>>> print(open('final.cif').read())   # mmCIF, C-alpha atoms (C1' of nucleotides)
data_query
#
loop_
_atom_site.label_atom_id
_atom_site.label_comp_id
_atom_site.auth_asym_id
_atom_site.auth_seq_id
_atom_site.Cartn_x
_atom_site.Cartn_y
_atom_site.Cartn_z
CA MET A 1 -14.98 -30.92 -16.57
CA LYS A 2 -17.14 -28.88 -14.20
CA ILE A 3 -15.80 -26.08 -12.05
CA MET A 4 -16.02 -28.11 -8.83
CA GLU A 5 -13.93 -30.93 -10.26
CA VAL A 6 -11.33 -28.49 -11.55
CA SER A 7 -11.31 -26.84 -8.16
CA GLU A 8 -10.65 -30.16 -6.43
CA GLN A 9 -8.09 -31.37 -8.94
CA TYR A 10 -5.96 -28.22 -8.74
CA GLY A 11 -6.68 -27.06 -5.22
CA ILE A 12 -8.09 -23.73 -6.38
CA SER A 13 -11.51 -22.66 -5.08
CA SER A 14 -14.26 -22.28 -7.68
CA ASP A 15 -14.61 -18.70 -6.52
CA THR A 16 -11.01 -18.12 -7.48
CA LEU A 17 -11.44 -19.89 -10.82
CA ARG A 18 -14.38 -17.63 -11.66
CA TYR A 19 -12.44 -14.64 -10.38
CA TYR A 20 -9.52 -15.46 -12.69
CA GLU A 21 -11.89 -15.61 -15.63
CA ARG A 22 -13.63 -12.38 -14.64
CA ILE A 23 -10.42 -10.37 -14.50
CA GLY A 24 -9.25 -11.82 -17.81
CA LEU A 25 -6.45 -13.95 -16.42
CA ILE A 26 -8.01 -16.97 -18.09
CA PRO A 27 -9.92 -16.47 -21.36
CA PRO A 28 -13.64 -17.36 -21.25
CA VAL A 29 -13.96 -21.03 -20.42
CA HIS A 30 -15.93 -23.41 -22.66
CA ARG A 31 -19.61 -23.75 -21.63
CA ASN A 32 -22.17 -26.53 -22.13
CA GLU A 33 -25.69 -26.04 -23.57
CA SER A 34 -27.00 -24.76 -20.23
CA GLY A 35 -24.28 -22.11 -20.04
CA ILE A 36 -22.36 -23.94 -17.32
CA ARG A 37 -18.57 -23.95 -17.40
CA ASP A 38 -17.17 -27.15 -18.88
CA TYR A 39 -13.38 -26.88 -18.85
CA ASN A 40 -11.75 -28.48 -21.88
CA GLU A 41 -8.16 -29.64 -22.29
CA LEU A 42 -6.90 -26.18 -23.22
CA ASP A 43 -8.78 -24.50 -20.37
CA LEU A 44 -7.22 -26.96 -17.94
CA ARG A 45 -3.72 -26.35 -19.28
CA ARG A 46 -4.23 -22.65 -18.71
CA VAL A 47 -5.47 -23.22 -15.16
CA GLU A 48 -2.47 -25.38 -14.42
CA PHE A 49 -0.06 -22.81 -15.84
CA ILE A 50 -1.61 -20.00 -13.82
CA LYS A 51 -1.55 -22.12 -10.67
CA CYS A 52 2.15 -22.78 -11.17
CA MET A 53 3.01 -19.14 -11.83
CA ARG A 54 0.89 -17.86 -8.96
CA SER A 55 2.39 -20.38 -6.57
CA ALA A 56 5.75 -18.72 -7.18
CA GLY A 57 4.25 -15.31 -6.55
CA LEU A 58 4.11 -13.87 -10.07
CA PRO A 59 1.64 -10.98 -9.87
CA VAL A 60 -1.82 -11.48 -11.32
CA GLU A 61 -1.48 -8.29 -13.35
CA VAL A 62 1.66 -9.50 -15.12
CA LEU A 63 -0.01 -12.79 -15.89
CA ILE A 64 -3.11 -11.06 -17.29
CA ASN A 65 -0.79 -9.13 -19.57
CA TYR A 66 1.09 -12.26 -20.61
CA MET A 67 -2.05 -14.30 -21.26
CA GLY A 68 -3.42 -11.46 -23.35
CA LEU A 69 -0.32 -11.55 -25.55
CA VAL A 70 -0.62 -15.33 -25.92
CA GLN A 71 -4.13 -14.80 -27.30
CA GLN A 72 -2.76 -12.42 -29.93
CA GLY A 73 -0.61 -15.08 -31.56
CA ASP A 74 2.96 -15.36 -32.81
CA LYS A 75 3.57 -11.67 -33.38
CA THR A 76 3.84 -11.19 -29.60
CA ILE A 77 6.52 -13.81 -28.95
CA GLU A 78 9.24 -11.22 -28.47
CA SER A 79 7.36 -9.28 -25.77
CA ARG A 80 6.19 -12.49 -24.10
CA LYS A 81 9.79 -13.63 -23.88
CA GLU A 82 10.76 -10.31 -22.31
CA ILE A 83 8.04 -10.64 -19.69
CA LEU A 84 9.15 -14.14 -18.80
CA ILE A 85 12.81 -13.12 -18.58
CA GLU A 86 11.94 -10.23 -16.28
CA GLN A 87 9.84 -12.45 -14.05
CA ARG A 88 12.43 -15.21 -14.09
CA ASP A 89 15.10 -12.77 -12.90
CA LEU A 90 12.84 -11.38 -10.20
CA LEU A 91 12.01 -14.89 -9.06
CA ALA A 92 15.68 -15.89 -8.98
CA SER A 93 16.59 -12.91 -6.84
CA ARG A 94 13.72 -13.52 -4.46
CA MET A 95 14.96 -17.09 -4.11
CA GLU A 96 18.48 -15.90 -3.33
CA GLU A 97 17.05 -13.68 -0.61
CA MET A 98 15.11 -16.63 0.76
CA GLN A 99 18.19 -18.83 0.70
CA LYS A 100 19.98 -16.34 2.94
CA THR A 101 17.07 -16.44 5.37
CA LEU A 102 16.98 -20.22 5.21
CA ASP A 103 20.69 -20.40 6.08
CA ARG A 104 20.15 -18.03 8.94
CA LEU A 105 17.22 -20.02 10.28
CA ASN A 106 19.27 -23.21 10.13
CA TYR A 107 22.11 -21.53 11.97
CA LYS A 108 19.80 -20.23 14.69
CA ILE A 109 18.16 -23.64 15.07
CA LYS A 110 21.61 -25.17 15.59
CA VAL A 111 22.45 -22.55 18.21
CA TYR A 112 19.21 -23.30 20.04
CA GLU A 113 19.94 -27.02 19.91
CA LYS A 114 23.32 -26.45 21.51
CA ALA A 115 21.75 -24.28 24.19
CA LEU A 116 19.20 -26.99 24.93
CA LEU A 117 21.90 -29.66 25.16
CA LYS A 118 23.83 -27.53 27.59
CA LYS A 119 20.70 -27.00 29.67
CA GLU A 120 20.07 -30.74 29.78
CA LYS A 121 23.64 -31.40 30.91
CA GLU A 122 23.18 -28.95 33.76
CA MET A 123 19.98 -30.70 34.77
CA ILE A 124 21.82 -34.00 34.98
CA GLN A 125 24.49 -32.40 37.13
CA VAL A 126 21.79 -31.10 39.44
CA GLU A 127 20.24 -34.55 39.64
CA GLU A 128 23.61 -36.04 40.51
CA LEU A 129 24.08 -33.44 43.19
CA MET A 130 20.68 -34.23 44.62
CA ALA A 131 21.45 -37.93 44.54
CA GLY A 132 24.30 -36.93 46.86
CA ASP A 133 27.20 -38.91 45.43
CA MET B 1 20.43 6.56 15.37
CA LYS B 2 17.26 8.40 14.35
CA ILE B 3 14.36 6.73 12.59
CA MET B 4 15.13 8.35 9.24
CA GLU B 5 18.70 7.08 9.24
CA VAL B 6 17.55 3.59 10.16
CA SER B 7 14.95 3.79 7.42
CA GLU B 8 17.61 4.70 4.86
CA GLN B 9 20.15 2.19 6.07
CA TYR B 10 17.77 -0.77 5.95
CA GLY B 11 15.40 0.31 3.21
CA ILE B 12 12.37 0.22 5.49
CA SER B 13 10.11 3.30 5.63
CA SER B 14 9.90 5.08 8.97
CA ASP B 15 6.16 4.45 8.86
CA THR B 16 6.88 0.75 8.73
CA LEU B 17 9.43 0.95 11.54
CA ARG B 18 6.88 2.70 13.76
CA TYR B 19 4.24 0.21 12.68
CA TYR B 20 6.48 -2.70 13.69
CA GLU B 21 6.94 -1.16 17.10
CA ARG B 22 3.24 -0.44 17.51
CA ILE B 23 2.18 -4.02 16.81
CA GLY B 24 4.86 -5.36 19.15
CA LEU B 25 7.08 -6.88 16.48
CA ILE B 26 9.97 -4.82 17.81
CA PRO B 27 10.07 -4.00 21.53
CA PRO B 28 9.90 -0.28 22.40
CA VAL B 29 12.91 1.43 20.89
CA HIS B 30 15.29 3.52 23.00
CA ARG B 31 14.34 7.22 23.17
CA ASN B 32 16.38 10.36 23.79
CA GLU B 33 15.47 13.07 26.35
CA SER B 34 12.91 14.62 24.00
CA GLY B 35 11.14 11.28 23.55
CA ILE B 36 12.42 10.79 20.02
CA ARG B 37 13.44 7.30 18.90
CA ASP B 38 17.19 6.79 19.07
CA TYR B 39 17.91 3.24 17.90
CA ASN B 40 20.75 1.60 19.80
CA GLU B 41 22.85 -1.40 18.77
CA LEU B 42 20.29 -3.92 20.02
CA ASP B 43 17.38 -2.11 18.39
CA LEU B 44 19.25 -2.15 15.09
CA ARG B 45 20.01 -5.87 15.36
CA ARG B 46 16.32 -6.51 15.85
CA VAL B 47 15.39 -4.37 12.85
CA GLU B 48 17.89 -6.21 10.72
CA PHE B 49 16.61 -9.60 11.85
CA ILE B 50 13.00 -8.65 11.13
CA LYS B 51 13.95 -7.27 7.75
CA CYS B 52 15.64 -10.54 6.86
CA MET B 53 12.75 -12.71 8.04
CA ARG B 54 10.13 -10.53 6.38
CA SER B 55 12.06 -10.49 3.11
CA ALA B 56 11.59 -14.26 2.99
CA GLY B 57 7.89 -13.88 3.68
CA LEU B 58 7.66 -15.06 7.29
CA PRO B 59 4.33 -13.74 8.57
CA VAL B 60 4.36 -10.74 10.88
CA GLU B 61 2.18 -12.61 13.38
CA VAL B 62 4.66 -15.47 13.73
CA LEU B 63 7.50 -13.01 14.21
CA ILE B 64 5.58 -11.10 16.89
CA ASN B 65 5.13 -14.38 18.68
CA TYR B 66 8.81 -15.29 18.32
CA MET B 67 10.08 -11.89 19.44
CA GLY B 68 7.79 -12.06 22.45
CA LEU B 69 9.38 -15.36 23.46
CA VAL B 70 12.87 -13.93 23.02
CA GLN B 71 11.94 -11.21 25.53
CA GLN B 72 10.95 -13.87 28.05
CA GLY B 73 14.45 -15.31 28.26
CA ASP B 74 16.01 -18.75 28.23
CA LYS B 75 12.98 -20.69 29.40
CA THR B 76 11.41 -20.20 25.95
CA ILE B 77 14.27 -21.63 23.89
CA GLU B 78 12.45 -24.87 23.20
CA SER B 79 9.33 -23.18 21.76
CA ARG B 80 11.42 -20.66 19.85
CA LYS B 81 13.31 -23.51 18.24
CA GLU B 82 10.03 -25.15 17.25
CA ILE B 83 8.79 -21.95 15.63
CA LEU B 84 12.00 -21.58 13.66
CA ILE B 85 11.91 -25.21 12.52
CA GLU B 86 8.34 -24.87 11.35
CA GLN B 87 9.11 -21.68 9.45
CA ARG B 88 12.30 -23.15 8.03
CA ASP B 89 10.38 -26.11 6.66
CA LEU B 90 7.65 -23.89 5.21
CA LEU B 91 10.29 -21.70 3.62
CA ALA B 92 12.11 -24.68 2.13
CA SER B 93 8.94 -26.02 0.57
CA ARG B 94 8.00 -22.64 -0.85
CA MET B 95 11.45 -22.50 -2.39
CA GLU B 96 11.02 -25.93 -3.95
CA GLU B 97 7.76 -24.72 -5.48
CA MET B 98 9.52 -21.65 -6.80
CA GLN B 99 12.33 -23.73 -8.24
CA LYS B 100 9.80 -25.68 -10.30
CA THR B 101 8.37 -22.44 -11.63
CA LEU B 102 11.86 -21.12 -12.33
CA ASP B 103 12.70 -24.24 -14.34
CA ARG B 104 9.48 -23.88 -16.25
CA LEU B 105 10.13 -20.23 -17.02
CA ASN B 106 13.60 -21.06 -18.26
CA TYR B 107 12.21 -23.78 -20.48
CA LYS B 108 9.57 -21.47 -21.94
CA ILE B 109 12.14 -18.76 -22.56
CA LYS B 110 14.24 -21.25 -24.49
CA VAL B 111 11.25 -22.29 -26.57
CA TYR B 112 10.53 -18.66 -27.38
CA GLU B 113 14.14 -18.10 -28.36
CA LYS B 114 13.99 -21.00 -30.78
CA ALA B 115 10.76 -19.67 -32.24
CA LEU B 116 12.34 -16.25 -32.73
CA LEU B 117 15.39 -17.74 -34.43
CA LYS B 118 13.18 -19.66 -36.80
CA LYS B 119 11.24 -16.49 -37.57
CA GLU B 120 14.44 -14.64 -38.33
CA LYS B 121 15.61 -17.37 -40.68
CA GLU B 122 12.35 -17.14 -42.59
CA MET B 123 12.81 -13.38 -42.86
CA ILE B 124 16.24 -13.88 -44.42
CA GLN B 125 14.79 -16.34 -46.91
CA VAL B 126 12.16 -13.76 -47.84
CA GLU B 127 14.87 -11.13 -48.29
CA GLU B 128 16.83 -13.49 -50.53
CA LEU B 129 13.73 -14.13 -52.59
CA MET B 130 13.11 -10.44 -52.96
CA ALA B 131 16.72 -9.86 -53.95
CA GLY B 132 15.88 -12.24 -56.78
CA ASP B 133 18.91 -14.52 -56.77
"C1'" DT C 1 -44.89 -30.70 -8.22
"C1'" DC C 2 -41.77 -29.38 -5.24
"C1'" DT C 3 -37.30 -29.47 -3.28
"C1'" DT C 4 -32.46 -29.95 -3.47
"C1'" DG C 5 -28.20 -28.66 -5.00
"C1'" DA C 6 -24.79 -27.03 -8.25
"C1'" DC C 7 -24.35 -23.56 -10.96
"C1'" DT C 8 -24.81 -18.40 -12.57
"C1'" DT C 9 -23.97 -13.09 -11.83
"C1'" DG C 10 -22.26 -8.63 -9.86
"C1'" DG C 11 -20.90 -6.61 -5.96
"C1'" DA C 12 -19.35 -6.31 -1.24
"C1'" DG C 13 -16.28 -7.92 2.41
"C1'" DT C 14 -11.81 -9.72 4.29
"C1'" DC C 15 -7.01 -10.28 5.16
"C1'" DG C 16 -2.12 -9.23 5.64
"C1'" DA C 17 0.91 -5.75 5.47
"C1'" DC C 18 1.73 -1.73 5.08
"C1'" DT C 19 1.13 3.54 3.93
"C1'" DC C 20 -0.78 7.86 4.50
"C1'" DC C 21 -2.89 11.59 7.06
"C1'" DA C 22 -4.09 15.29 10.43
"C1'" DA C 23 -3.01 17.47 14.38
"C1'" DG C 24 0.38 18.47 17.59
"C1'" DT C 25 5.34 19.09 19.77
"C1'" DG C 26 10.05 20.40 20.01
"C1'" DA C 27 14.67 21.54 18.35
"C1'" DT C 28 17.58 23.74 15.00
"C1'" DA C 29 18.52 27.52 11.10
"C1'" DC C 30 18.30 32.11 9.78
"C1'" DG D 1 11.74 34.98 17.44
"C1'" DT D 2 9.68 32.80 14.01
"C1'" DA D 3 9.82 29.57 10.35
"C1'" DT D 4 11.03 25.11 9.04
"C1'" DC D 5 11.52 20.49 9.66
"C1'" DA D 6 11.69 15.92 11.68
"C1'" DC D 7 9.50 13.91 14.85
"C1'" DT D 8 5.25 12.29 17.70
"C1'" DT D 9 0.36 9.94 18.03
"C1'" DG D 10 -3.90 7.35 16.71
"C1'" DG D 11 -6.64 6.30 13.18
"C1'" DA D 12 -8.01 5.87 8.41
"C1'" DG D 13 -6.95 4.42 3.71
"C1'" DT D 14 -4.77 1.40 0.15
"C1'" DC D 15 -3.32 -2.62 -2.31
"C1'" DG D 16 -3.19 -7.31 -4.07
"C1'" DA D 17 -5.55 -11.28 -4.07
"C1'" DC D 18 -8.89 -13.47 -3.03
"C1'" DT D 19 -13.49 -14.95 -0.59
"C1'" DC D 20 -18.10 -14.50 0.51
"C1'" DC D 21 -22.88 -13.26 -0.32
"C1'" DA D 22 -27.59 -12.55 -2.18
"C1'" DA D 23 -30.55 -13.33 -5.67
"C1'" DG D 24 -31.59 -15.95 -9.49
"C1'" DT D 25 -31.60 -20.16 -13.02
"C1'" DC D 26 -31.88 -24.79 -14.12
"C1'" DA D 27 -31.87 -30.00 -14.11
"C1'" DA D 28 -32.65 -34.17 -11.63
"C1'" DG D 29 -34.76 -36.94 -7.90
"C1'" DA D 30 -38.74 -38.08 -4.24
#
>>> encode(input="final.cif", output="structure tokens")
Amino acid sequence: MKIMEVSEQYGISSDTLRYYERIGLIPPVHRNESGIRDYNELDLRRVEFIKCMRSAGLPVEVLINYMGLVQQGDKTIESRKEILIEQRDLLASRMEEMQKTLDRLNYKIKVYEKALLKKEKEMIQVEELMAGD
Amino acid sequence: MKIMEVSEQYGISSDTLRYYERIGLIPPVHRNESGIRDYNELDLRRVEFIKCMRSAGLPVEVLINYMGLVQQGDKTIESRKEILIEQRDLLASRMEEMQKTLDRLNYKIKVYEKALLKKEKEMIQVEELMAGD
DNA sequence: TCTTGACTTGGAGTCGACTCCAAGTGATAC
DNA sequence: GTATCACTTGGAGTCGACTCCAAGTCAAGA
């Protein structure tokens, strides 16, 4: 699969895909005879994993570190697990924070809706007054 | 309340508080006779609101826009409500995305735990072998 | 054969959101 | 009264994460 197709399939620009490879976030991608990137199954799985983790805001640096450990095989499982636990906890607490904000936004929206209803009512009263009955 | 106290109370650097004021995110803060910021009740409520919204990732630009409308009074309630609804929906969908990642992290952590248990078991078997019974 | 177009590289530029800095002022502590 | 310290300003610098660019290579089509 060529870089453009990967880019379209995952919604990641080819610039970003190359950037990820350059900084070592994704190990060197498989190439064809002409030296052009030809993503294989494993490459795609990595792209998809990174996309998922990045979409939740996990820092690139942490992911570089994690992916490096994956490359080193089973002896790094313990430290990989620790990284994931740390990031999971951070993610969970960010989500709690966001939930608070979400609740607050919903509350404010409700308040505004009430205010708008009240306004409308007043308008109707004015109309009735102007109708003169 | 002086800028340093506000900074400590809300965990926002005084540089950031001044920055927020400069870009119009927070309307000019009350000053004492010597021209030094002296946050009053209303100023503090605004700081707290901004802190909450920023902690969930609402963009500064959107908040500047919203705060500007608040300053213009009741005639802007409709557009303010629309902004909040848009941001609420964006926030909710970001949280859904994050939930997927959270689930995936939890799953991977479990897999790693199993792998570690298996490893440990093998170690014990090796020990038993070396004990020679 | 020449052009088109997708790819390659390394490096520079951008963006959002701060964060730091230098130079200056004014009030409190010794 | 002078030293210290928090404050003031405008502007420059930083950081993370891309995003864009120029110059070059290569394969396929008119």
>>> residues_around(input="final.cif", residues="DT14 in chain D", least_positions_apart="4", cutoff="10 Å", atoms="all atoms listed in the file", output="ChimeraX atom specification")
/C:18-20
>>> closest_atom_pairs(input="final.cif", of="range 36-127 of chain A", to="range 50-62 of chain B", cutoff="10 Å", atoms="all atoms listed in the file", output="Markdown table")
| residue | atom | partner | partner_atom | distance |
| --- | --- | --- | --- | --- |
| A:Arg94 | CA | B:Ala56 | CA | 7.8 |
| A:Met95 | CA | B:Ala56 | CA | 8.4 |
| A:Glu96 | CA | B:Ala56 | CA | 9.5 |
| A:Glu97 | CA | B:Ala56 | CA | 6.6 |
| A:Met98 | CA | B:Ala56 | CA | 4.8 |
| A:Gln99 | CA | B:Ala56 | CA | 8.3 |
| A:Lys100 | CA | B:Cys52 | CA | 8.2 |
| A:Thr101 | CA | B:Cys52 | CA | 6.3 |
| A:Leu102 | CA | B:Ala56 | CA | 8.3 |
| A:Arg104 | CA | B:Cys52 | CA | 9.0 |
| A:Leu105 | CA | B:Met53 | CA | 8.9 |
>>> interface_residues(input="final.cif", of="chain B", to="chain C", cutoff="10 Å", atoms="all atoms listed in the file", output="ChimeraX atom specification")
/B:13,15-16,19-20,34-36,59-61
>>> resolve_selection(input="final.cif", expression="the PyMOL selection byres ((chain D) within 12 of (chain A))", output="NGL selection string")
:D and (16-21 or 25-27)
>>> atom_distance(input="final.cif", atom1="CA of Glu33 in chain A", atom2="CA of Met67 in chain A")
26.5 Å
>>> calpha_fit_and_write(input="final.cif", fixed="chain B", moving="chain A", output="mmCIF file with C-alpha atoms, in the coordinates of the input")
data_model
loop_
_atom_site.group_PDB
_atom_site.id
_atom_site.type_symbol
_atom_site.label_atom_id
_atom_site.label_comp_id
_atom_site.auth_asym_id
_atom_site.auth_seq_id
_atom_site.Cartn_x
_atom_site.Cartn_y
_atom_site.Cartn_z
ATOM 1 C CA MET A 1 20.439 6.586 15.428
ATOM 2 C CA LYS A 2 17.270 8.424 14.413
ATOM 3 C CA ILE A 3 14.371 6.762 12.655
ATOM 4 C CA MET A 4 15.143 8.397 9.298
ATOM 5 C CA GLU A 5 18.706 7.105 9.292
ATOM 6 C CA VAL A 6 17.553 3.611 10.208
ATOM 7 C CA SER A 7 14.972 3.829 7.468
ATOM 8 C CA GLU A 8 17.621 4.748 4.900
ATOM 9 C CA GLN A 9 20.178 2.233 6.107
ATOM 10 C CA TYR A 10 17.782 -0.723 5.969
ATOM 11 C CA GLY A 11 15.419 0.365 3.233
ATOM 12 C CA ILE A 12 12.388 0.261 5.519
ATOM 13 C CA SER A 13 10.124 3.324 5.667
ATOM 14 C CA SER A 14 9.904 5.098 9.025
ATOM 15 C CA ASP A 15 6.177 4.484 8.898
ATOM 16 C CA THR A 16 6.871 0.780 8.761
ATOM 17 C CA LEU A 17 9.441 0.989 11.558
ATOM 18 C CA ARG A 18 6.895 2.714 13.793
ATOM 19 C CA TYR A 19 4.253 0.237 12.687
ATOM 20 C CA TYR A 20 6.482 -2.690 13.684
ATOM 21 C CA GLU A 21 6.950 -1.164 17.110
ATOM 22 C CA ARG A 22 3.242 -0.432 17.503
ATOM 23 C CA ILE A 23 2.182 -4.004 16.811
ATOM 24 C CA GLY A 24 4.858 -5.356 19.142
ATOM 25 C CA LEU A 25 7.075 -6.870 16.477
ATOM 26 C CA ILE A 26 9.965 -4.820 17.813
ATOM 27 C CA PRO A 27 10.063 -4.009 21.545
ATOM 28 C CA PRO A 28 9.891 -0.290 22.430
ATOM 29 C CA VAL A 29 12.896 1.430 20.922
ATOM 30 C CA HIS A 30 15.279 3.505 23.061
ATOM 31 C CA ARG A 31 14.322 7.217 23.215
ATOM 32 C CA ASN A 32 16.366 10.371 23.852
ATOM 33 C CA GLU A 33 15.479 13.081 26.416
ATOM 34 C CA SER A 34 12.913 14.626 24.062
ATOM 35 C CA GLY A 35 11.127 11.297 23.629
ATOM 36 C CA ILE A 36 12.422 10.796 20.092
ATOM 37 C CA ARG A 37 13.423 7.323 18.949
ATOM 38 C CA ASP A 38 17.173 6.777 19.122
ATOM 39 C CA TYR A 39 17.885 3.235 17.943
ATOM 40 C CA ASN A 40 20.726 1.579 19.835
ATOM 41 C CA GLU A 41 22.832 -1.401 18.794
ATOM 42 C CA LEU A 42 20.290 -3.932 20.044
ATOM 43 C CA ASP A 43 17.369 -2.117 18.416
ATOM 44 C CA LEU A 44 19.240 -2.145 15.116
ATOM 45 C CA ARG A 45 20.003 -5.856 15.367
ATOM 46 C CA ARG A 46 16.313 -6.503 15.861
ATOM 47 C CA VAL A 47 15.387 -4.351 12.865
ATOM 48 C CA GLU A 48 17.889 -6.188 10.725
ATOM 49 C CA PHE A 49 16.609 -9.583 11.852
ATOM 50 C CA ILE A 50 13.005 -8.643 11.141
ATOM 51 C CA LYS A 51 13.953 -7.249 7.738
ATOM 52 C CA CYS A 52 15.659 -10.519 6.860
ATOM 53 C CA MET A 53 12.765 -12.683 8.032
ATOM 54 C CA ARG A 54 10.142 -10.509 6.369
ATOM 55 C CA SER A 55 12.064 -10.472 3.111
ATOM 56 C CA ALA A 56 11.601 -14.238 2.979
ATOM 57 C CA GLY A 57 7.904 -13.870 3.668
ATOM 58 C CA LEU A 58 7.674 -15.048 7.279
ATOM 59 C CA PRO A 59 4.342 -13.720 8.554
ATOM 60 C CA VAL A 60 4.377 -10.734 10.879
ATOM 61 C CA GLU A 61 2.198 -12.591 13.372
ATOM 62 C CA VAL A 62 4.668 -15.462 13.713
ATOM 63 C CA LEU A 63 7.490 -13.011 14.195
ATOM 64 C CA ILE A 64 5.565 -11.092 16.874
ATOM 65 C CA ASN A 65 5.121 -14.390 18.671
ATOM 66 C CA TYR A 66 8.790 -15.295 18.302
ATOM 67 C CA MET A 67 10.058 -11.896 19.434
ATOM 68 C CA GLY A 68 7.781 -12.089 22.448
ATOM 69 C CA LEU A 69 9.355 -15.401 23.456
ATOM 70 C CA VAL A 70 12.847 -13.942 23.019
ATOM 71 C CA GLN A 71 11.907 -11.240 25.534
ATOM 72 C CA GLN A 72 10.921 -13.905 28.061
ATOM 73 C CA GLY A 73 14.417 -15.352 28.256
ATOM 74 C CA ASP A 74 15.982 -18.806 28.196
ATOM 75 C CA LYS A 75 12.950 -20.737 29.376
ATOM 76 C CA THR A 76 11.377 -20.263 25.928
ATOM 77 C CA ILE A 77 14.246 -21.675 23.867
ATOM 78 C CA GLU A 78 12.423 -24.915 23.153
ATOM 79 C CA SER A 79 9.312 -23.223 21.723
ATOM 80 C CA ARG A 80 11.413 -20.685 19.822
ATOM 81 C CA LYS A 81 13.302 -23.535 18.204
ATOM 82 C CA GLU A 82 10.019 -25.170 17.217
ATOM 83 C CA ILE A 83 8.791 -21.966 15.605
ATOM 84 C CA LEU A 84 11.987 -21.593 13.624
ATOM 85 C CA ILE A 85 11.919 -25.224 12.485
ATOM 86 C CA GLU A 86 8.327 -24.866 11.318
ATOM 87 C CA GLN A 87 9.107 -21.683 9.429
ATOM 88 C CA ARG A 88 12.301 -23.126 7.999
ATOM 89 C CA ASP A 89 10.376 -26.105 6.614
ATOM 90 C CA LEU A 90 7.670 -23.881 5.178
ATOM 91 C CA LEU A 91 10.300 -21.676 3.586
ATOM 92 C CA ALA A 92 12.124 -24.670 2.106
ATOM 93 C CA SER A 93 8.954 -26.003 0.537
ATOM 94 C CA ARG A 94 8.021 -22.624 -0.872
ATOM 95 C CA MET A 95 11.485 -22.472 -2.415
ATOM 96 C CA GLU A 96 11.049 -25.902 -3.984
ATOM 97 C CA GLU A 97 7.791 -24.709 -5.512
ATOM 98 C CA MET A 98 9.553 -21.627 -6.831
ATOM 99 C CA GLN A 99 12.366 -23.711 -8.270
ATOM 100 C CA LYS A 100 9.837 -25.658 -10.327
ATOM 101 C CA THR A 101 8.412 -22.403 -11.650
ATOM 102 C CA LEU A 102 11.891 -21.086 -12.347
ATOM 103 C CA ASP A 103 12.725 -24.207 -14.376
ATOM 104 C CA ARG A 104 9.512 -23.844 -16.284
ATOM 105 C CA LEU A 105 10.155 -20.189 -17.036
ATOM 106 C CA ASN A 106 13.638 -21.021 -18.291
ATOM 107 C CA TYR A 107 12.243 -23.747 -20.504
ATOM 108 C CA LYS A 108 9.601 -21.442 -21.963
ATOM 109 C CA ILE A 109 12.174 -18.710 -22.574
ATOM 110 C CA LYS A 110 14.286 -21.222 -24.510
ATOM 111 C CA VAL A 111 11.274 -22.258 -26.581
ATOM 112 C CA TYR A 112 10.549 -18.622 -27.398
ATOM 113 C CA GLU A 113 14.173 -18.067 -28.371
ATOM 114 C CA LYS A 114 14.006 -20.969 -30.792
ATOM 115 C CA ALA A 115 10.771 -19.641 -32.250
ATOM 116 C CA LEU A 116 12.359 -16.230 -32.740
ATOM 117 C CA LEU A 117 15.412 -17.742 -34.432
ATOM 118 C CA LYS A 118 13.186 -19.652 -36.791
ATOM 119 C CA LYS A 119 11.241 -16.489 -37.577
ATOM 120 C CA GLU A 120 14.460 -14.630 -38.340
ATOM 121 C CA LYS A 121 15.614 -17.401 -40.674
ATOM 122 C CA GLU A 122 12.352 -17.140 -42.579
ATOM 123 C CA MET A 123 12.812 -13.396 -42.887
ATOM 124 C CA ILE A 124 16.227 -13.916 -44.431
ATOM 125 C CA GLN A 125 14.763 -16.388 -46.892
ATOM 126 C CA VAL A 126 12.152 -13.823 -47.849
ATOM 127 C CA GLU A 127 14.842 -11.202 -48.333
ATOM 128 C CA GLU A 128 16.785 -13.572 -50.556
ATOM 129 C CA LEU A 129 13.678 -14.249 -52.568
ATOM 130 C CA MET A 130 13.077 -10.548 -52.976
ATOM 131 C CA ALA A 131 16.677 -10.024 -54.003
ATOM 132 C CA GLY A 132 15.752 -12.419 -56.816
ATOM 133 C CA ASP A 133 18.755 -14.733 -56.889
#
>>> closest_residue(input="final.cif", among="A:Leu90, A:Leu69, A:Val6, A:Leu42", to="chain B", atoms="all atoms listed in the file")
A:Leu90
>>> closest_atom_pairs(input="final.cif", of="range 22-119 of chain B", to="range 110-125 of chain A", cutoff="9 Å", atoms="all atoms listed in the file", output="tab-separated table")
residue	atom	partner	partner_atom	distance
B:Asp74	CA	A:Ala115	CA	8.9
B:Ile77	CA	A:Tyr112	CA	6.5
B:Glu78	CA	A:Leu116	CA	7.3
B:Arg80	CA	A:Tyr112	CA	8.2
B:Lys81	CA	A:Tyr112	CA	6.2
>>> residues_around(input="final.cif", residues="Tyr39 in chain A", least_positions_apart="5", cutoff="9 Å", atoms="all atoms listed in the file", output="PyMOL selection string")
chain A and resi 1-3+6+29-31+44
>>> atom_distance(input="final.cif", atom1="CA of Gln72 in chain B", atom2="CA of Leu25 in chain B")
14.1 Å
>>> closest_residue(input="final.cif", among="B:Val126, B:Asn40, B:Gln9, B:Ala92", to="chain A", atoms="only C-alpha atoms")
B:Ala92
>>> closest_residue(input="final.cif", among="A:Gln71, A:Asp43, A:Ile64, A:Phe49", to="chain B", atoms="all atoms listed in the file")
A:Phe49
>>> closest_residue(input="final.cif", among="A:Met130, A:Leu84, A:Ile23, A:Val70", to="chain B", atoms="all atoms listed in the file")
A:Leu84
>>> atom_distance(input="final.cif", atom1="CA of Glu8 in chain A", atom2="CA of Glu48 in chain A")
12.4 Å
>>> closest_residue(input="final.cif", among="A:Ile85, A:Tyr107, A:Glu128, A:Arg45", to="chain B", atoms="all atoms listed in the file")
A:Ile85
